[in-house]
$ cat final.cif   # mmCIF, C-alpha atoms
data_upload
#
loop_
_atom_site.label_atom_id
_atom_site.label_comp_id
_atom_site.auth_asym_id
_atom_site.auth_seq_id
_atom_site.Cartn_x
_atom_site.Cartn_y
_atom_site.Cartn_z
CA MET A 1 0.00 0.00 0.00
CA THR A 2 1.20 3.47 -0.73
CA ILE A 3 0.71 6.62 1.30
CA PRO A 4 -2.47 8.38 0.13
CA ASN A 5 -2.48 11.89 -1.25
CA ILE A 6 -2.19 14.43 1.58
CA ILE A 7 -4.18 17.67 1.49
CA PRO A 8 -2.27 20.31 3.48
CA SER A 9 -3.59 21.89 6.64
CA LYS A 10 -5.44 25.14 6.08
CA LYS A 11 -7.21 27.98 7.88
CA LEU A 12 -10.68 29.44 7.54
CA THR A 13 -12.24 32.28 9.47
CA GLY A 14 -15.75 32.78 10.76
CA THR A 15 -17.82 34.73 13.26
CA VAL A 16 -19.96 33.73 16.22
CA ASP A 17 -23.54 34.76 15.46
CA GLY A 18 -25.34 32.91 18.23
CA LEU A 19 -24.69 31.53 21.72
CA PHE A 20 -27.08 29.23 23.57
CA MET A 21 -27.22 26.83 26.46
CA ALA A 22 -29.57 24.21 27.90
CA SER A 23 -29.97 25.20 31.54
CA GLY A 24 -32.63 22.67 32.39
CA ASP A 25 -33.10 19.01 31.67
CA GLU A 26 -34.46 19.54 28.15
CA PHE A 27 -32.11 19.61 25.17
CA VAL A 28 -33.70 22.76 23.71
CA THR A 29 -31.33 25.68 24.35
CA GLN A 30 -31.88 29.34 25.25
CA PRO A 31 -29.87 32.36 24.09
CA ALA A 32 -26.89 33.22 26.28
CA GLY A 33 -25.02 36.51 26.43
CA GLU A 34 -21.71 34.69 26.48
CA LEU A 35 -20.48 31.15 27.06
CA VAL A 36 -17.83 30.43 29.65
CA LEU A 37 -16.20 27.15 28.70
CA ALA A 38 -14.46 24.80 31.11
CA TYR A 39 -12.92 21.38 30.44
CA GLU A 40 -16.30 19.80 31.09
CA GLY A 41 -17.97 21.99 28.46
CA ILE A 42 -20.49 24.66 29.47
CA PRO A 43 -20.92 24.35 33.25
CA GLY A 44 -24.61 23.92 34.06
CA ASP A 45 -25.50 22.87 30.51
CA LEU A 46 -27.35 19.61 29.94
CA HIS A 47 -24.44 18.20 27.93
CA SER A 48 -21.61 19.31 30.20
CA GLY A 49 -19.36 16.72 31.78
CA LEU A 50 -16.02 15.04 31.35
CA THR A 51 -17.91 11.78 30.89
CA ARG A 52 -21.43 10.89 29.76
CA LYS A 53 -23.67 7.86 29.38
CA SER A 54 -23.73 6.11 26.02
CA GLY A 55 -26.92 6.12 23.97
CA SER A 56 -28.29 5.09 20.62
CA ARG A 57 -25.35 6.68 18.80
CA GLU A 58 -23.01 4.13 20.38
CA PRO A 59 -24.71 0.81 19.54
CA TRP A 60 -21.44 -0.99 20.38
CA TYR A 61 -21.96 -0.29 24.12
CA PRO A 62 -24.83 -1.30 26.37
CA ARG A 63 -27.00 1.80 26.72
CA GLY A 64 -25.92 3.85 29.73
CA THR A 65 -22.26 2.85 29.66
CA GLU A 66 -20.01 5.54 31.09
CA MET A 67 -17.69 6.95 28.43
CA ARG A 68 -15.73 10.09 27.65
CA ASN A 69 -17.94 13.03 26.72
CA GLU A 70 -16.73 14.14 23.31
CA ARG A 71 -20.14 15.69 22.53
CA GLN A 72 -19.92 18.70 24.85
CA ILE A 73 -20.70 21.50 22.41
CA THR A 74 -23.02 21.58 19.39
CA LEU A 75 -21.95 23.97 16.63
CA LEU A 76 -24.38 24.93 13.88
CA SER A 77 -24.52 27.09 10.77
CA ARG A 78 -27.63 29.19 10.13
CA ASP A 79 -27.00 28.79 6.39
CA GLU A 80 -27.13 25.02 6.67
CA LEU A 81 -30.24 25.21 8.87
CA ALA A 82 -31.92 27.43 6.25
CA GLU A 83 -31.17 24.84 3.57
CA ALA A 84 -32.63 22.07 5.73
CA ALA A 85 -35.71 24.20 6.51
CA ALA A 86 -36.28 24.86 2.81
CA GLN A 87 -36.12 21.15 2.11
CA MET A 88 -38.65 20.53 4.89
CA GLY A 89 -40.98 23.22 3.53
CA ILE A 90 -40.82 25.41 6.63
CA ASP A 91 -39.61 28.97 7.05
CA THR A 92 -36.83 28.45 9.55
CA ILE A 93 -35.08 26.09 11.92
CA GLU A 94 -33.85 28.01 14.93
CA PRO A 95 -30.64 26.67 16.50
CA GLU A 96 -32.27 26.50 19.93
CA TRP A 97 -34.87 24.01 18.70
CA ILE A 98 -32.24 21.37 18.03
CA GLY A 99 -29.92 22.07 20.95
CA GLY A 100 -27.36 24.32 19.28
CA ASN A 101 -24.77 25.98 21.55
CA ILE A 102 -22.84 28.10 19.07
CA THR A 103 -23.73 29.25 15.57
CA LEU A 104 -20.93 30.25 13.23
CA SER A 105 -21.15 32.23 10.01
CA GLY A 106 -18.55 32.59 7.28
CA ILE A 107 -17.37 28.98 7.10
CA PRO A 108 -18.95 27.21 4.12
CA MET A 109 -20.31 23.72 4.79
CA LEU A 110 -19.53 23.94 8.48
CA SER A 111 -20.81 20.41 9.03
CA MET A 112 -18.16 19.02 6.68
CA LEU A 113 -15.16 20.36 8.62
CA PRO A 114 -12.91 17.38 9.30
CA ALA A 115 -12.50 15.68 12.67
CA ALA A 116 -9.63 17.22 14.67
CA THR A 117 -10.23 20.71 13.27
CA LEU A 118 -9.28 23.28 15.92
CA LEU A 119 -11.54 26.27 16.46
CA PHE A 120 -9.67 29.18 18.03
CA PHE A 121 -12.10 31.74 19.43
CA GLU A 122 -11.25 35.37 19.94
CA GLY A 123 -10.90 35.60 23.71
CA GLY A 124 -8.81 32.45 24.12
CA ALA A 125 -11.12 29.44 24.16
CA THR A 126 -10.35 26.54 21.83
CA LEU A 127 -12.72 23.78 20.72
CA LYS A 128 -11.63 20.63 18.93
CA VAL A 129 -14.04 19.07 16.48
CA ASP A 130 -14.94 15.49 17.33
CA PHE A 131 -17.09 14.78 14.30
CA GLN A 132 -20.08 15.77 12.24
CA ASN A 133 -23.38 15.45 14.06
CA GLY A 134 -26.18 13.31 12.67
CA PRO A 135 -29.81 14.44 12.61
CA CYS A 136 -32.25 12.45 14.73
CA ARG A 137 -36.02 12.16 15.05
CA ILE A 138 -36.01 13.82 18.47
CA SER A 139 -34.71 17.03 16.93
CA GLY A 140 -37.21 16.64 14.11
CA ALA A 141 -40.05 16.36 16.65
CA SER A 142 -38.81 19.48 18.42
CA ILE A 143 -38.91 21.39 15.14
CA ALA A 144 -42.46 20.18 14.47
CA ARG A 145 -43.53 21.38 17.93
CA HIS A 146 -41.87 24.76 17.47
CA VAL A 147 -43.60 25.43 14.15
CA GLY A 148 -46.95 24.56 15.76
CA ARG A 149 -47.37 21.13 14.12
CA PRO A 150 -46.60 18.80 17.02
CA ASP A 151 -48.66 15.95 15.54
CA ASP A 152 -47.08 16.13 12.07
CA ALA A 153 -44.93 12.99 12.21
CA GLY A 154 -44.04 13.39 8.53
CA LEU A 155 -42.58 16.82 9.16
CA ALA A 156 -40.62 15.56 12.17
CA LEU A 157 -39.20 12.66 10.17
CA SER A 158 -38.30 14.84 7.21
CA PHE A 159 -35.62 16.52 9.32
CA VAL A 160 -33.41 13.43 9.13
CA PRO A 161 -32.81 13.49 5.36
CA ALA A 162 -33.07 17.30 5.13
CA ALA A 163 -30.37 17.88 7.75
CA LYS A 164 -28.02 15.10 6.68
CA ARG A 165 -24.51 16.66 6.38
CA ARG A 166 -26.01 19.94 7.66
CA ARG A 167 -26.53 19.16 11.34
CA GLY A 168 -23.33 20.82 12.47
CA LEU A 169 -20.45 19.58 14.55
CA LEU A 170 -19.80 18.12 17.97
CA ALA A 171 -16.78 19.45 19.77
CA TRP A 172 -15.04 19.35 23.12
CA VAL A 173 -13.11 21.99 25.00
CA GLU A 174 -9.38 21.89 24.35
CA LYS A 175 -8.71 25.14 26.18
CA PRO A 176 -11.18 26.90 28.50
CA GLY A 177 -12.22 30.50 28.01
CA SER A 178 -15.13 32.81 27.28
CA ILE A 179 -16.88 33.23 23.95
CA ALA A 180 -18.79 36.44 23.22
CA MET A 181 -21.36 37.21 20.53
CA GLY A 182 -19.60 38.47 17.43
CA ALA A 183 -16.28 36.87 18.35
CA LYS A 184 -14.06 35.91 15.46
CA VAL A 185 -13.08 32.27 15.11
CA GLU A 186 -10.17 30.77 13.23
CA ALA A 187 -10.66 27.19 12.08
CA ARG A 188 -7.43 25.27 11.60
CA LEU A 189 -8.13 22.23 9.47
CA PRO A 190 -5.65 19.37 9.91
CA GLU A 191 -3.97 17.62 7.01
CA GLN A 192 -6.56 15.51 5.23
CA TRP A 193 -6.39 12.18 3.43
CA ILE A 194 -8.52 9.13 2.75
CA TYR A 195 -7.38 5.87 4.35
CA PRO A 196 -7.50 3.41 1.44
CA MET B 1 -20.37 24.11 -2.88
CA THR B 2 -21.53 20.54 -3.06
CA ILE B 3 -21.19 17.80 -0.48
CA PRO B 4 -17.95 15.89 -1.08
CA ASN B 5 -17.87 12.19 -1.83
CA ILE B 6 -18.38 10.18 1.38
CA ILE B 7 -16.40 6.99 1.99
CA PRO B 8 -18.46 4.73 4.29
CA SER B 9 -17.37 3.73 7.76
CA LYS B 10 -15.51 0.44 7.89
CA LYS B 11 -13.89 -2.00 10.30
CA LEU B 12 -10.41 -3.51 10.45
CA THR B 13 -9.01 -5.94 12.97
CA GLY B 14 -5.59 -6.18 14.57
CA THR B 15 -3.73 -7.66 17.50
CA VAL B 16 -1.80 -6.13 20.39
CA ASP B 17 1.82 -7.27 20.07
CA GLY B 18 3.43 -4.93 22.59
CA LEU B 19 2.55 -2.97 25.74
CA PHE B 20 4.80 -0.38 27.32
CA MET B 21 4.75 2.50 29.75
CA ALA B 22 7.02 5.33 30.86
CA SER B 23 7.14 4.99 34.64
CA GLY B 24 9.77 7.66 35.23
CA ASP B 25 10.30 11.15 33.91
CA GLU B 26 11.91 10.02 30.66
CA PHE B 27 9.78 9.41 27.57
CA VAL B 28 11.43 6.07 26.80
CA THR B 29 9.01 3.29 27.78
CA GLN B 30 9.47 -0.16 29.33
CA PRO B 31 7.52 -3.35 28.58
CA ALA B 32 4.39 -3.82 30.66
CA GLY B 33 2.50 -7.06 31.28
CA GLU B 34 -0.79 -5.28 30.76
CA LEU B 35 -2.02 -1.69 30.61
CA VAL B 36 -4.85 -0.56 32.84
CA LEU B 37 -6.39 2.49 31.22
CA ALA B 38 -8.28 5.23 33.05
CA TYR B 39 -9.75 8.47 31.68
CA GLU B 40 -6.41 10.15 32.29
CA GLY B 41 -4.58 7.56 30.21
CA ILE B 42 -2.15 5.11 31.85
CA PRO B 43 -1.99 6.09 35.53
CA GLY B 44 1.64 6.67 36.53
CA ASP B 45 2.79 7.08 32.92
CA LEU B 46 4.69 10.20 31.92
CA HIS B 47 1.93 11.23 29.49
CA SER B 48 -1.05 10.52 31.71
CA GLY B 49 -3.39 13.33 32.64
CA LEU B 50 -6.69 14.88 31.68
CA THR B 51 -4.74 18.02 30.80
CA ARG B 52 -1.14 18.72 29.79
CA LYS B 53 1.14 21.65 29.05
CA SER B 54 1.44 22.78 25.44
CA GLY B 55 4.76 22.45 23.66
CA SER B 56 6.37 22.90 20.27
CA ARG B 57 3.56 20.98 18.56
CA GLU B 58 1.13 23.75 19.51
CA PRO B 59 2.90 26.87 18.22
CA TRP B 60 -0.39 28.78 18.51
CA TYR B 61 -0.15 28.74 22.33
CA PRO B 62 2.56 30.16 24.58
CA ARG B 63 4.68 27.17 25.61
CA GLY B 64 3.40 25.68 28.85
CA THR B 65 -0.25 26.63 28.34
CA GLU B 66 -2.61 24.21 30.06
CA MET B 67 -4.76 22.35 27.55
CA ARG B 68 -6.68 19.10 27.17
CA ASN B 69 -4.42 16.07 26.94
CA GLU B 70 -5.40 14.37 23.71
CA ARG B 71 -1.94 12.72 23.44
CA GLN B 72 -2.36 10.17 26.23
CA ILE B 73 -1.43 6.99 24.37
CA THR B 74 1.10 6.40 21.58
CA LEU B 75 0.22 3.56 19.22
CA LEU B 76 2.85 2.15 16.87
CA SER B 77 3.17 -0.52 14.19
CA ARG B 78 6.30 -2.69 14.17
CA ASP B 79 5.97 -2.95 10.37
CA GLU B 80 6.09 0.81 9.99
CA LEU B 81 9.04 1.03 12.40
CA ALA B 82 10.89 -1.60 10.35
CA GLU B 83 10.33 0.48 7.21
CA ALA B 84 11.66 3.58 8.95
CA ALA B 85 14.66 1.65 10.31
CA ALA B 86 15.50 0.35 6.83
CA GLN B 87 15.39 3.89 5.48
CA MET B 88 17.74 5.00 8.29
CA GLY B 89 20.11 2.12 7.58
CA ILE B 90 19.74 0.50 11.00
CA ASP B 91 18.48 -2.95 11.95
CA THR B 92 15.55 -2.00 14.12
CA ILE B 93 13.63 0.73 15.91
CA GLU B 94 12.18 -0.64 19.11
CA PRO B 95 8.89 0.93 20.19
CA GLU B 96 10.27 1.71 23.63
CA TRP B 97 12.96 3.96 22.18
CA ILE B 98 10.40 6.43 20.87
CA GLY B 99 7.88 6.23 23.70
CA GLY B 100 5.43 3.71 22.28
CA ASN B 101 2.67 2.47 24.61
CA ILE B 102 0.90 -0.07 22.41
CA THR B 103 2.04 -1.81 19.22
CA LEU B 104 -0.60 -3.23 16.91
CA SER B 105 -0.16 -5.75 14.12
CA GLY B 106 -2.55 -6.60 11.31
CA ILE B 107 -3.71 -3.08 10.42
CA PRO B 108 -1.91 -1.83 7.30
CA MET B 109 -0.59 1.72 7.44
CA LEU B 110 -1.62 2.14 11.05
CA SER B 111 -0.36 5.73 11.06
CA MET B 112 -2.83 6.66 8.33
CA LEU B 113 -5.97 5.68 10.24
CA PRO B 114 -8.25 8.71 10.23
CA ALA B 115 -8.88 10.95 13.22
CA ALA B 116 -11.89 9.77 15.24
CA THR B 117 -11.22 6.10 14.53
CA LEU B 118 -12.37 4.03 17.51
CA LEU B 119 -10.17 1.19 18.72
CA PHE B 120 -12.16 -1.41 20.65
CA PHE B 121 -9.86 -3.68 22.63
CA GLU B 122 -10.76 -7.17 23.72
CA GLY B 123 -11.38 -6.73 27.44
CA GLY B 124 -13.46 -3.58 27.13
CA ALA B 125 -11.15 -0.58 26.81
CA THR B 126 -11.74 1.86 23.95
CA LEU B 127 -9.29 4.40 22.55
CA LYS B 128 -10.21 7.19 20.17
CA VAL B 129 -7.63 8.31 17.66
CA ASP B 130 -6.78 11.98 17.93
CA PHE B 131 -4.42 12.17 14.98
CA GLN B 132 -1.29 10.85 13.34
CA ASN B 133 1.87 11.52 15.32
CA GLY B 134 4.77 13.39 13.76
CA PRO B 135 8.40 12.29 14.16
CA CYS B 136 10.69 14.63 16.07
CA ARG B 137 14.44 14.98 16.59
CA ILE B 138 14.20 13.96 20.25
CA SER B 139 12.97 10.53 19.22
CA GLY B 140 15.69 10.42 16.56
CA ALA B 141 18.34 11.16 19.20
CA SER B 142 16.93 8.40 21.41
CA ILE B 143 17.26 5.95 18.52
CA ALA B 144 20.86 7.04 17.89
CA ARG B 145 21.67 6.46 21.59
CA HIS B 146 20.02 3.06 21.62
CA VAL B 147 21.99 1.83 18.60
CA GLY B 148 25.21 3.00 20.25
CA ARG B 149 25.78 6.07 18.07
CA PRO B 150 24.82 8.89 20.46
CA ASP B 151 26.98 11.44 18.65
CA ASP B 152 25.65 10.65 15.16
CA ALA B 153 23.53 13.73 14.59
CA GLY B 154 22.89 12.70 11.00
CA LEU B 155 21.37 9.41 12.11
CA ALA B 156 19.21 11.17 14.69
CA LEU B 157 17.96 13.67 12.13
CA SER B 158 17.25 11.01 9.54
CA PHE B 159 14.41 9.71 11.72
CA VAL B 160 12.25 12.69 10.83
CA PRO B 161 11.92 11.97 7.09
CA ALA B 162 12.18 8.17 7.57
CA ALA B 163 9.29 8.05 10.04
CA LYS B 164 7.03 10.58 8.35
CA ARG B 165 3.54 8.96 8.06
CA ARG B 166 4.93 5.97 10.00
CA ARG B 167 5.19 7.40 13.51
CA GLY B 168 1.91 5.95 14.69
CA LEU B 169 -1.11 7.50 16.31
CA LEU B 170 -1.99 9.55 19.36
CA ALA B 171 -5.14 8.53 21.15
CA TRP B 172 -7.10 9.18 24.31
CA VAL B 173 -9.19 6.90 26.47
CA GLU B 174 -12.85 6.87 25.54
CA LYS B 175 -13.65 3.98 27.88
CA PRO B 176 -11.38 2.68 30.64
CA GLY B 177 -10.33 -0.95 30.86
CA SER B 178 -7.39 -3.33 30.75
CA ILE B 179 -5.40 -4.31 27.66
CA ALA B 180 -3.47 -7.58 27.66
CA MET B 181 -0.73 -8.80 25.32
CA GLY B 182 -2.26 -10.60 22.39
CA ALA B 183 -5.62 -8.87 22.76
CA LYS B 184 -7.64 -8.47 19.60
CA VAL B 185 -8.57 -4.94 18.56
CA GLU B 186 -11.33 -3.81 16.23
CA ALA B 187 -10.74 -0.48 14.52
CA ARG B 188 -13.92 1.32 13.48
CA LEU B 189 -13.04 3.94 10.91
CA PRO B 190 -15.53 6.81 10.66
CA GLU B 191 -17.00 8.01 7.40
CA GLN B 192 -14.27 9.79 5.47
CA TRP B 193 -14.31 12.74 3.09
CA ILE B 194 -12.10 15.65 2.05
CA TYR B 195 -13.34 19.13 2.95
CA PRO B 196 -13.01 21.05 -0.29
#
$ encode --input "final.cif" --output "structure tokens"
Amino acid sequence: MTIPNIIPSKKLTGTVDGLFMASGDEFVTQPAGELVLAYEGIPGDLHSGLTRKSGSREPWYPRGTEMRNERQITLLSRDELAEAAAQMGIDTIEPEWIGGNITLSGIPMLSMLPAATLLFFEGGATLKVDFQNGPCRISGASIARHVGRPDDAGLALSFVPAAKRRRGLLAWVEKPGSIAMGAKVEARLPEQWIYP
Amino acid sequence: MTIPNIIPSKKLTGTVDGLFMASGDEFVTQPAGELVLAYEGIPGDLHSGLTRKSGSREPWYPRGTEMRNERQITLLSRDELAEAAAQMGIDTIEPEWIGGNITLSGIPMLSMLPAATLLFFEGGATLKVDFQNGPCRISGASIARHVGRPDDAGLALSFVPAAKRRRGLLAWVEKPGSIAMGAKVEARLPEQWIYP
């Protein structure tokens, strides 16, 4: 086997255009003036923690197995959400409805940023991208409720195909710090290749 | 922009053929009968910890900045080390000399496994691949010492090109557990694509 073609590391820049957290025990988030990140994520947020319990996304573990929490922060793009909304035939998908913590503008196809991308936020916090998020029916049902069609199972289900590759990124805190609305972010993409 | 071509997730299998840890304050490792992994890595190992201090590999931070420790475990392939040794004109590179913790056989081009690959070890431990490791001059100097040529700066330096793309993987503990010699490992590669 020969070494695959290597795409060099590169940088992209974006801007924070939304900050949210889930203060209660529901995954829907509420706008936040700023986010103060610690190693466990956003202290007080539903998804904070150095560890978490496994769920349906980890079918290789018995449900409820303790594991590292690599899904601390949900990053979304309003452009991608608008595309998904259009495909679902609704006016908008608000980031809060599907548990977004940070929305970023200026980075095309945010959801396609590679694993291990570093996100350096103005102010000193750093997130590291774990992987692309996958859309689920629970988020679809939340959208249906928020547009006033809680019993429209077809609408809820349509989120899964509409948001495929558009459901943002999961990330964990590499370096704690505060993130303010309007903060600039530099994305440092790692070298990329395809394992043959 | 259009969604790039997606390579599906896939599985590979390998076998643990070496276990090592660095019990002191030197990065050279010593053989271990088994490794007991915790969330901080290998307790008592030089590179254990939930956090670490940044160094020359993170030029974007002032040296010594506290950050998440994603470099807990060094995985190596004896086949890749043999290729690097041949290119350096020496008989062998032993994993201990360059701080290896686990050697795996049976997975071609181990160093090229993508970020976010999960390594499920027989016995229950799981590692998650952070990224490919890069060869450095310190490891080269250790090799030169171990082959009895401590003053051969050319040999030490030759490790960097010889071990490029062959220097193994850095990983962190997703799920604690014990790893025994001869344990089977299943590598679950994530979906792969190139961000355009």
$ atom_distance --input "final.cif" --atom1 "CA of Asp130 in chain B" --atom2 "CA of Ala187 in chain B"
13.5 Å
$ resolve_selection --input "final.cif" --expression "the PyMOL selection byres ((chain A) within 8 of (chain B))" --output "number ranges by chain"
A: 1, 3, 39, 66-68, 108-109, 112-116, 130-131, 165, 173-176, 192-195
$ residues_around --input "final.cif" --residues "Arg167 in chain B" --least-positions-apart "2" --cutoff "8 Å" --atoms "all atoms listed in the file" --output "list in words"
Leu76, Glu80, Leu81, Ser111, Gln132, Asn133, Gly134, Pro135, Ala163, Lys164, Arg165 and Leu169 of chain B
$ closest_residue --input "final.cif" --among "B:Gly55, B:Pro8, B:Gly99, B:Gly89" --to "Asp25 in chain B" --atoms "all atoms listed in the file"
B:Gly99
$ residues_around --input "final.cif" --residues "range 95-98 of chain B" --least-positions-apart "5" --cutoff "12 Å" --atoms "only C-alpha atoms" --output "PyMOL selection string"
chain B and resi 17-23+26-32+74-82+84-85+103-104+133-147+156+159-160+163+167-168
$ atom_distance --input "final.cif" --atom1 "CA of Arg63 in chain B" --atom2 "CA of Asn101 in chain B"
24.8 Å
$ closest_residue --input "final.cif" --among "A:Leu46, A:Gly64, A:Ala86, A:Lys11" --to "Ala162 in chain A" --atoms "only C-alpha atoms"
A:Ala86
$ resolve_selection --input "final.cif" --expression "the PyMOL selection byres ((chain A and resi 37) around 8)" --output "ChimeraX atom specification"
/A:35-36,38-43,125,173,176-179
$ closest_residue --input "final.cif" --among "B:Gly123, B:Gly106, B:Gly49, B:Gly33" --to "Thr13 in chain B" --atoms "only C-alpha atoms"
B:Gly106
